[in-house]
$ cat coords-v5.pdb   # PDB, C-alpha atoms and all ligand atoms
ATOM      1  CA  MET A   1    -138.482  13.743 -62.937
ATOM      2  CA  GLY A   2    -142.081  14.762 -62.427
ATOM      3  CA  ASP A   3    -142.851  11.449 -60.722
ATOM      4  CA  LEU A   4    -140.303  11.992 -57.945
ATOM      5  CA  PRO A   5    -141.614  12.749 -54.443
ATOM      6  CA  GLN A   6    -141.845  16.414 -53.502
ATOM      7  CA  ASP A   7    -141.679  15.911 -49.737
ATOM      8  CA  GLY A   8    -138.316  17.577 -49.121
ATOM      9  CA  VAL A   9    -136.712  14.403 -47.729
ATOM     10  CA  PRO A  10    -132.941  14.694 -48.296
ATOM     11  CA  GLU A  11    -131.581  12.281 -50.886
ATOM     12  CA  ILE A  12    -128.310  10.470 -51.433
ATOM     13  CA  ALA A  13    -127.560   9.151 -54.899
ATOM     14  CA  LEU A  14    -125.482   6.062 -55.595
ATOM     15  CA  VAL A  15    -123.587   6.050 -58.849
ATOM     16  CA  GLY A  16    -120.967   3.732 -60.252
ATOM     17  CA  ARG A  17    -120.187   1.539 -63.189
ATOM     18  CA  SER A  18    -122.086  -1.706 -63.565
ATOM     19  CA  ASN A  19    -120.700  -4.538 -61.468
ATOM     20  CA  VAL A  20    -118.960  -2.184 -59.037
ATOM     21  CA  GLY A  21    -121.022  -3.682 -56.203
ATOM     22  CA  LYS A  22    -123.770  -1.076 -55.907
ATOM     23  CA  SER A  23    -126.638  -3.473 -55.226
ATOM     24  CA  SER A  24    -124.525  -5.352 -52.697
ATOM     25  CA  LEU A  25    -123.634  -2.100 -50.957
ATOM     26  CA  LEU A  26    -127.294  -1.078 -50.747
ATOM     27  CA  ASN A  27    -128.220  -4.428 -49.241
ATOM     28  CA  THR A  28    -125.331  -4.298 -46.766
ATOM     29  CA  LEU A  29    -126.087  -0.725 -45.786
ATOM     30  CA  ALA A  30    -129.719  -1.588 -45.138
ATOM     31  CA  GLY A  31    -128.924  -4.929 -43.508
ATOM     32  CA  GLN A  32    -131.306  -6.701 -45.880
ATOM     33  CA  HIS A  33    -130.390  -9.345 -48.372
ATOM     34  CA  ASN A  34    -132.859  -8.638 -51.118
ATOM     35  CA  LEU A  35    -133.503  -4.931 -50.992
ATOM     36  CA  ALA A  36    -131.660  -4.250 -54.212
ATOM     37  CA  ARG A  37    -131.511  -7.164 -56.590
ATOM     38  CA  THR A  38    -127.950  -8.152 -57.325
ATOM     39  CA  SER A  39    -128.927  -9.640 -60.649
ATOM     40  CA  ARG A  40    -129.393  -7.287 -63.527
ATOM     41  CA  THR A  41    -132.999  -7.041 -64.598
ATOM     42  CA  PRO A  42    -133.857  -5.721 -68.049
ATOM     43  CA  GLY A  43    -135.842  -2.530 -67.797
ATOM     44  CA  ARG A  44    -134.493  -1.669 -64.388
ATOM     45  CA  THR A  45    -131.323  -0.323 -65.954
ATOM     46  CA  ARG A  46    -132.794   3.044 -66.916
ATOM     47  CA  LEU A  47    -134.818   3.747 -63.814
ATOM     48  CA  LEU A  48    -134.054   5.496 -60.573
ATOM     49  CA  ASN A  49    -134.825   3.195 -57.648
ATOM     50  CA  LEU A  50    -135.741   4.939 -54.400
ATOM     51  CA  PHE A  51    -135.253   3.493 -50.917
ATOM     52  CA  THR A  52    -136.454   5.391 -47.880
ATOM     53  CA  VAL A  53    -134.241   4.676 -44.872
ATOM     54  CA  ASN A  54    -133.525   5.848 -41.345
ATOM     55  CA  GLY A  55    -137.178   6.050 -40.351
ATOM     56  CA  GLY A  56    -138.127   8.124 -43.382
ATOM     57  CA  LEU A  57    -135.507  10.817 -42.780
ATOM     58  CA  VAL A  58    -133.322  10.000 -45.766
ATOM     59  CA  ARG A  59    -133.852   8.532 -49.218
ATOM     60  CA  LEU A  60    -131.256   6.517 -51.111
ATOM     61  CA  VAL A  61    -131.501   6.840 -54.873
ATOM     62  CA  ASP A  62    -129.951   4.022 -56.853
ATOM     63  CA  CYS A  63    -128.896   5.336 -60.256
ATOM     64  CA  PRO A  64    -128.388   2.960 -63.175
ATOM     65  CA  GLY A  65    -124.809   1.809 -63.635
ATOM     66  CA  TYR A  66    -122.897   3.525 -66.397
ATOM     67  CA  GLY A  67    -120.390   2.120 -68.853
ATOM     68  CA  TYR A  68    -121.919  -1.321 -69.086
ATOM     69  CA  ALA A  69    -120.620  -2.432 -72.464
ATOM     70  CA  LYS A  70    -123.247  -5.119 -72.956
ATOM     71  CA  ALA A  71    -126.247  -2.849 -72.478
ATOM     72  CA  ALA A  72    -128.287  -2.339 -75.605
ATOM     73  CA  ARG A  73    -127.376   0.835 -77.448
ATOM     74  CA  HIS A  74    -130.766   2.408 -76.828
ATOM     75  CA  GLU A  75    -130.418   1.674 -73.112
ATOM     76  CA  ARG A  76    -127.008   3.320 -72.928
ATOM     77  CA  ALA A  77    -128.354   6.385 -74.677
ATOM     78  CA  GLY A  78    -131.202   6.423 -72.188
ATOM     79  CA  TRP A  79    -128.869   6.681 -69.198
ATOM     80  CA  GLY A  80    -128.380  10.315 -70.043
ATOM     81  CA  GLU A  81    -131.777  11.878 -69.861
ATOM     82  CA  LEU A  82    -133.270  10.857 -66.539
ATOM     83  CA  VAL A  83    -130.115  10.347 -64.499
ATOM     84  CA  GLU A  84    -128.389  13.448 -65.782
ATOM     85  CA  ALA A  85    -131.472  15.534 -65.127
ATOM     86  CA  TYR A  86    -131.756  14.046 -61.654
ATOM     87  CA  LEU A  87    -128.107  14.596 -60.724
ATOM     88  CA  SER A  88    -128.059  18.095 -62.209
ATOM     89  CA  GLU A  89    -131.359  19.508 -61.044
ATOM     90  CA  ARG A  90    -132.741  17.644 -58.076
ATOM     91  CA  GLU A  91    -132.984  20.047 -55.155
ATOM     92  CA  ALA A  92    -133.360  17.347 -52.518
ATOM     93  CA  LEU A  93    -130.048  15.748 -53.521
ATOM     94  CA  ARG A  94    -127.476  16.350 -50.778
ATOM     95  CA  LEU A  95    -124.701  13.855 -51.438
ATOM     96  CA  VAL A  96    -123.539  11.550 -54.206
ATOM     97  CA  LEU A  97    -121.805   8.303 -53.327
ATOM     98  CA  LEU A  98    -119.444   7.568 -56.192
ATOM     99  CA  LEU A  99    -118.548   3.884 -56.113
ATOM    100  CA  VAL A 100    -115.279   2.658 -57.586
ATOM    101  CA  ASP A 101    -113.837  -0.851 -57.579
ATOM    102  CA  ALA A 102    -110.906  -0.855 -55.140
ATOM    103  CA  ARG A 103    -109.112  -3.556 -57.127
ATOM    104  CA  LEU A 104    -108.797  -1.407 -60.234
ATOM    105  CA  LYS A 105    -106.472   1.486 -60.950
ATOM    106  CA  PRO A 106    -108.437   4.763 -61.140
ATOM    107  CA  GLN A 107    -110.639   4.567 -64.227
ATOM    108  CA  ALA A 108    -111.295   7.358 -66.712
ATOM    109  CA  PRO A 109    -115.119   7.009 -66.747
ATOM    110  CA  ASP A 110    -115.196   7.347 -62.960
ATOM    111  CA  ARG A 111    -112.934  10.382 -63.007
ATOM    112  CA  ASP A 112    -115.121  11.918 -65.710
ATOM    113  CA  MET A 113    -118.140  11.305 -63.514
ATOM    114  CA  ALA A 114    -116.464  12.944 -60.499
ATOM    115  CA  GLY A 115    -115.589  16.001 -62.591
ATOM    116  CA  TRP A 116    -119.080  16.178 -64.048
ATOM    117  CA  LEU A 117    -120.661  16.061 -60.569
ATOM    118  CA  ARG A 118    -118.270  18.668 -59.168
ATOM    119  CA  ARG A 119    -119.027  21.052 -62.005
ATOM    120  CA  ARG A 120    -122.628  20.829 -60.875
ATOM    121  CA  GLY A 121    -121.661  21.643 -57.311
ATOM    122  CA  ARG A 122    -122.487  18.224 -55.912
ATOM    123  CA  ALA A 123    -120.980  16.957 -52.657
ATOM    124  CA  LEU A 124    -119.187  13.668 -53.296
ATOM    125  CA  GLN A 125    -118.219  10.716 -51.153
ATOM    126  CA  LEU A 126    -115.853   8.350 -52.921
ATOM    127  CA  VAL A 127    -116.488   4.733 -51.905
ATOM    128  CA  ALA A 128    -113.933   2.038 -52.743
ATOM    129  CA  THR A 129    -115.930  -1.199 -53.016
ATOM    130  CA  LYS A 130    -114.713  -4.804 -52.635
ATOM    131  CA  TRP A 131    -112.217  -3.562 -50.049
ATOM    132  CA  ASP A 132    -111.963  -7.113 -48.641
ATOM    133  CA  ARG A 133    -110.165  -8.145 -51.825
ATOM    134  CA  LEU A 134    -107.163  -5.966 -51.002
ATOM    135  CA  SER A 135    -104.344  -7.144 -48.735
ATOM    136  CA  GLY A 136    -103.051  -5.068 -45.857
ATOM    137  CA  ASN A 137    -100.174  -3.916 -48.040
ATOM    138  CA  GLU A 138    -102.363  -3.037 -51.005
ATOM    139  CA  ARG A 139    -104.778  -0.876 -49.035
ATOM    140  CA  PRO A 140    -102.597   2.178 -48.370
ATOM    141  CA  VAL A 141    -101.382   2.085 -51.981
ATOM    142  CA  ALA A 142    -104.935   1.982 -53.336
ATOM    143  CA  ARG A 143    -105.954   4.748 -50.956
ATOM    144  CA  ARG A 144    -103.142   7.012 -52.136
ATOM    145  CA  GLU A 145    -103.834   6.359 -55.813
ATOM    146  CA  LEU A 146    -107.540   7.057 -55.427
ATOM    147  CA  GLU A 147    -106.891  10.198 -53.424
ATOM    148  CA  ALA A 148    -104.514  11.507 -56.067
ATOM    149  CA  ALA A 149    -106.837  10.640 -58.961
ATOM    150  CA  PHE A 150    -110.085  11.917 -57.461
ATOM    151  CA  ALA A 151    -108.909  14.599 -55.013
ATOM    152  CA  ALA A 152    -111.203  12.925 -52.491
ATOM    153  CA  THR A 153    -110.729  10.656 -49.505
ATOM    154  CA  PRO A 154    -111.985   7.167 -50.336
ATOM    155  CA  LEU A 155    -114.020   5.153 -47.877
ATOM    156  CA  GLY A 156    -113.117   1.475 -48.073
ATOM    157  CA  PHE A 157    -116.254  -0.687 -48.126
ATOM    158  CA  SER A 158    -116.912  -4.405 -48.238
ATOM    159  CA  SER A 159    -120.229  -6.128 -48.669
ATOM    160  CA  VAL A 160    -118.555  -9.398 -47.699
ATOM    161  CA  ASN A 161    -117.438  -8.413 -44.180
ATOM    162  CA  ALA A 162    -119.358  -5.112 -43.791
ATOM    163  CA  GLU A 163    -116.155  -3.121 -43.306
ATOM    164  CA  GLY A 164    -116.908   0.579 -43.726
ATOM    165  CA  ARG A 165    -120.616   0.087 -43.116
ATOM    166  CA  GLU A 166    -120.823   2.174 -39.955
ATOM    167  CA  ALA A 167    -118.821   5.026 -41.489
ATOM    168  CA  LEU A 168    -121.102   5.019 -44.509
ATOM    169  CA  ARG A 169    -124.213   4.912 -42.330
ATOM    170  CA  GLN A 170    -122.924   7.985 -40.521
ATOM    171  CA  ALA A 171    -122.403   9.778 -43.840
ATOM    172  CA  VAL A 172    -125.979   8.861 -44.813
ATOM    173  CA  VAL A 173    -127.528   9.931 -41.524
ATOM    174  CA  HIS A 174    -125.637  13.243 -41.523
ATOM    175  CA  CYS A 175    -125.994  13.996 -45.229
ATOM    176  CA  ASP A 176    -127.902  17.172 -44.492
ATOM    177  CA  GLN A 177    -124.817  18.615 -42.816
ATOM    178  CA  SER A 178    -122.442  17.639 -45.609
ATOM    179  CA  ARG A 179    -122.708  20.919 -47.485
TER     180      ARG A 179
HETATM  181  P1  LIG B   1    -123.795  -3.806 -59.285
HETATM  182  O1  LIG B   1    -123.906  -4.210 -60.730
HETATM  183  O2  LIG B   1    -122.970  -2.583 -59.138
HETATM  184  O3  LIG B   1    -125.117  -3.703 -58.583
HETATM  185  O4  LIG B   1    -122.922  -4.947 -58.562
HETATM  186  P2  LIG B   1    -123.367  -6.174 -57.628
HETATM  187  O5  LIG B   1    -123.720  -5.715 -56.269
HETATM  188  O6  LIG B   1    -124.349  -7.004 -58.370
HETATM  189  O7  LIG B   1    -121.948  -6.942 -57.526
HETATM  190  C1  LIG B   1    -121.221  -7.349 -58.671
HETATM  191  C2  LIG B   1    -120.328  -8.532 -58.293
HETATM  192  O8  LIG B   1    -119.338  -8.121 -57.345
HETATM  193  C3  LIG B   1    -121.086  -9.681 -57.648
HETATM  194  O9  LIG B   1    -120.504 -10.883 -58.088
HETATM  195  C4  LIG B   1    -120.836  -9.474 -56.171
HETATM  196  O10 LIG B   1    -120.890 -10.670 -55.435
HETATM  197  C5  LIG B   1    -119.442  -8.885 -56.156
HETATM  198  N1  LIG B   1    -119.245  -7.991 -54.988
HETATM  199  C6  LIG B   1    -120.018  -6.925 -54.661
HETATM  200  N2  LIG B   1    -119.561  -6.327 -53.550
HETATM  201  C7  LIG B   1    -118.478  -7.024 -53.149
HETATM  202  C8  LIG B   1    -117.562  -6.889 -52.047
HETATM  203  O11 LIG B   1    -117.645  -5.990 -51.209
HETATM  204  N3  LIG B   1    -116.552  -7.810 -51.981
HETATM  205  C9  LIG B   1    -116.402  -8.788 -52.899
HETATM  206  N4  LIG B   1    -115.362  -9.624 -52.743
HETATM  207  N5  LIG B   1    -117.240  -8.957 -53.947
HETATM  208  C10 LIG B   1    -118.273  -8.082 -54.070
END

$ encode --input "coords-v5.pdb" --output "structure tokens"
Amino acid sequence: MGDLPQDGVPEIALVGRSNVGKSSLLNTLAGQHNLARTSRTPGRTRLLNLFTVNGGLVRLVDCPGYGYAKAARHERAGWGELVEAYLSEREALRLVLLLVDARLKPQAPDRDMAGWLRRRGRALQLVATKWDRLSGNERPVARRELEAAFAATPLGFSSVNAEGREALRQAVVHCDQSR
């Protein structure tokens, strides 16, 4: 925590379970292919990765994925300390993007995470990733189920066809007005 910048730049955290499409979303959002590595790199799993965007006005903070069954036990235990401290205490944090896989029914670990963040007074934007994988008929159903489960309006997002990218960019750019 002590190594984080103290420049007052507003931050947006990205959280979600491993494989939800977080790295792909970061790359799509930034319009760069290799900003966030889409392959999992040992050692990176416990760190916060910071990306300054929008001409230095906003910082995106990539949090390690949670609930990755194959992670070593000591790595899973390590998720807690840094990320929990960051999400609980960081003053510069304005908005948390909670990523969920649009193809799955609402998942307990994600709902737990939403509740945990709300108890800490964090503003949340629910992002339904892999939105391109849903048919036109499936989309309204998924939307309703997510809304009911999370009490939040999901933003459909696809890293394949960039659907939802502009809406998410707007949320990022205006994060300072979100609370
Ligand atoms: P992370 O572990 O959350 O960083 O997930 P990645 O970004 O590495 O993505 C995990 C897998 O989902 C990869 O095989 C991606 O190609 C795939 N994926 C990510 N985003 C999308 C998306 O929007 N649409 C589709 N169809 N696949 C996606």

$ residues_around --input "coords-v5.pdb" --residues "Phe51 of chain A" --least-positions-apart "2" --cutoff "7 Å" --atoms "all atoms listed in the file" --output "ChimeraX atom specification"
/A:49,53,59-61

$ atom_distance --input "coords-v5.pdb" --atom1 "atom O9 of ligand LIG 1 (chain B)" --atom2 "atom CA of Ser18 of chain A"
10.8 Å

$ closest_residue --input "coords-v5.pdb" --among "A:Val127, A:Val160, A:Ala102, A:Leu95" --to "ligand LIG 1 (chain B)" --atoms "all atoms listed in the file"
A:Val160

$ resolve_selection --input "coords-v5.pdb" --expression "the PyMOL selection byres (((not hetatm)) within 9 of (chain B and resi 1))" --output "ChimeraX atom specification"
/A:15-27,36-40,64-65,99,101,128-133,157-163

$ atom_distance --input "coords-v5.pdb" --atom1 "atom CA of Glu138 of chain A" --atom2 "atom CA of Leu124 of chain A"
23.8 Å

$ resolve_selection --input "coords-v5.pdb" --expression "the PyMOL selection byres (((chain A and resi 48) around 10) and not hetatm)" --output "VMD selection string"
chain A and resid 1 4 13 to 14 44 to 47 49 to 51 60 to 64 82 to 83 86

$ atom_distance --input "coords-v5.pdb" --atom1 "atom CA of Leu117 of chain A" --atom2 "atom CA of Leu98 of chain A"
9.6 Å

$ residues_near_point --input "coords-v5.pdb" --point "(-125.7, 5.6, -43.3)" --cutoff "10 Å" --atoms "only C-alpha atoms" --output "ChimeraX atom specification"
/A:12,29-30,53-54,58,60,165-175

$ resolve_selection --input "coords-v5.pdb" --expression "the PyMOL selection byres (((chain A and resi 8) around 10) and not hetatm)" --output "compact mmCIF listing (two decimals) with C-alpha atoms, in the coordinates of the input"
# COMPACT_ATOMS: atom_id res chain seq x y z
CA PRO A 5 -141.61 12.75 -54.44
CA GLN A 6 -141.84 16.41 -53.50
CA ASP A 7 -141.68 15.91 -49.74
CA VAL A 9 -136.71 14.40 -47.73
CA PRO A 10 -132.94 14.69 -48.30
CA GLU A 11 -131.58 12.28 -50.89
CA LEU A 57 -135.51 10.82 -42.78
CA VAL A 58 -133.32 10.00 -45.77
CA GLU A 91 -132.98 20.05 -55.16
CA ALA A 92 -133.36 17.35 -52.52
CA LEU A 93 -130.05 15.75 -53.52

$ closest_residue --input "coords-v5.pdb" --among "A:Phe150, A:Glu89, A:Asn137, A:Val100" --to "Arg120 of chain A" --atoms "all atoms listed in the file"
A:Glu89

$ axis_aligned_box --input "coords-v5.pdb" --around "segment 57-63 of chain A" --padding-each-side "6 Å" --output "JSON"
{"center_x": -132.2, "center_y": 7.4, "center_z": -51.5, "size_x": 18.6, "size_y": 18.8, "size_z": 29.5}

$ closest_residue --input "coords-v5.pdb" --among "A:Val141, A:Gly55, A:Ser88, A:Ala151" --to "Lys105 of chain A" --atoms "all atoms listed in the file"
A:Val141

$ closest_residue --input "coords-v5.pdb" --among "A:Ala149, A:Arg94, A:Leu134, A:Gln177" --to "Ala108 of chain A" --atoms "only C-alpha atoms"
A:Ala149

$ closest_residue --input "coords-v5.pdb" --among "A:Glu145, A:Tyr66, A:Val96, A:Ala85" --to "Ala123 of chain A" --atoms "only C-alpha atoms"
A:Val96

$ closest_residue --input "coords-v5.pdb" --among "A:Gly121, A:Gly31, A:Arg90, A:Leu146" --to "Gly2 of chain A" --atoms "all atoms listed in the file"
A:Arg90
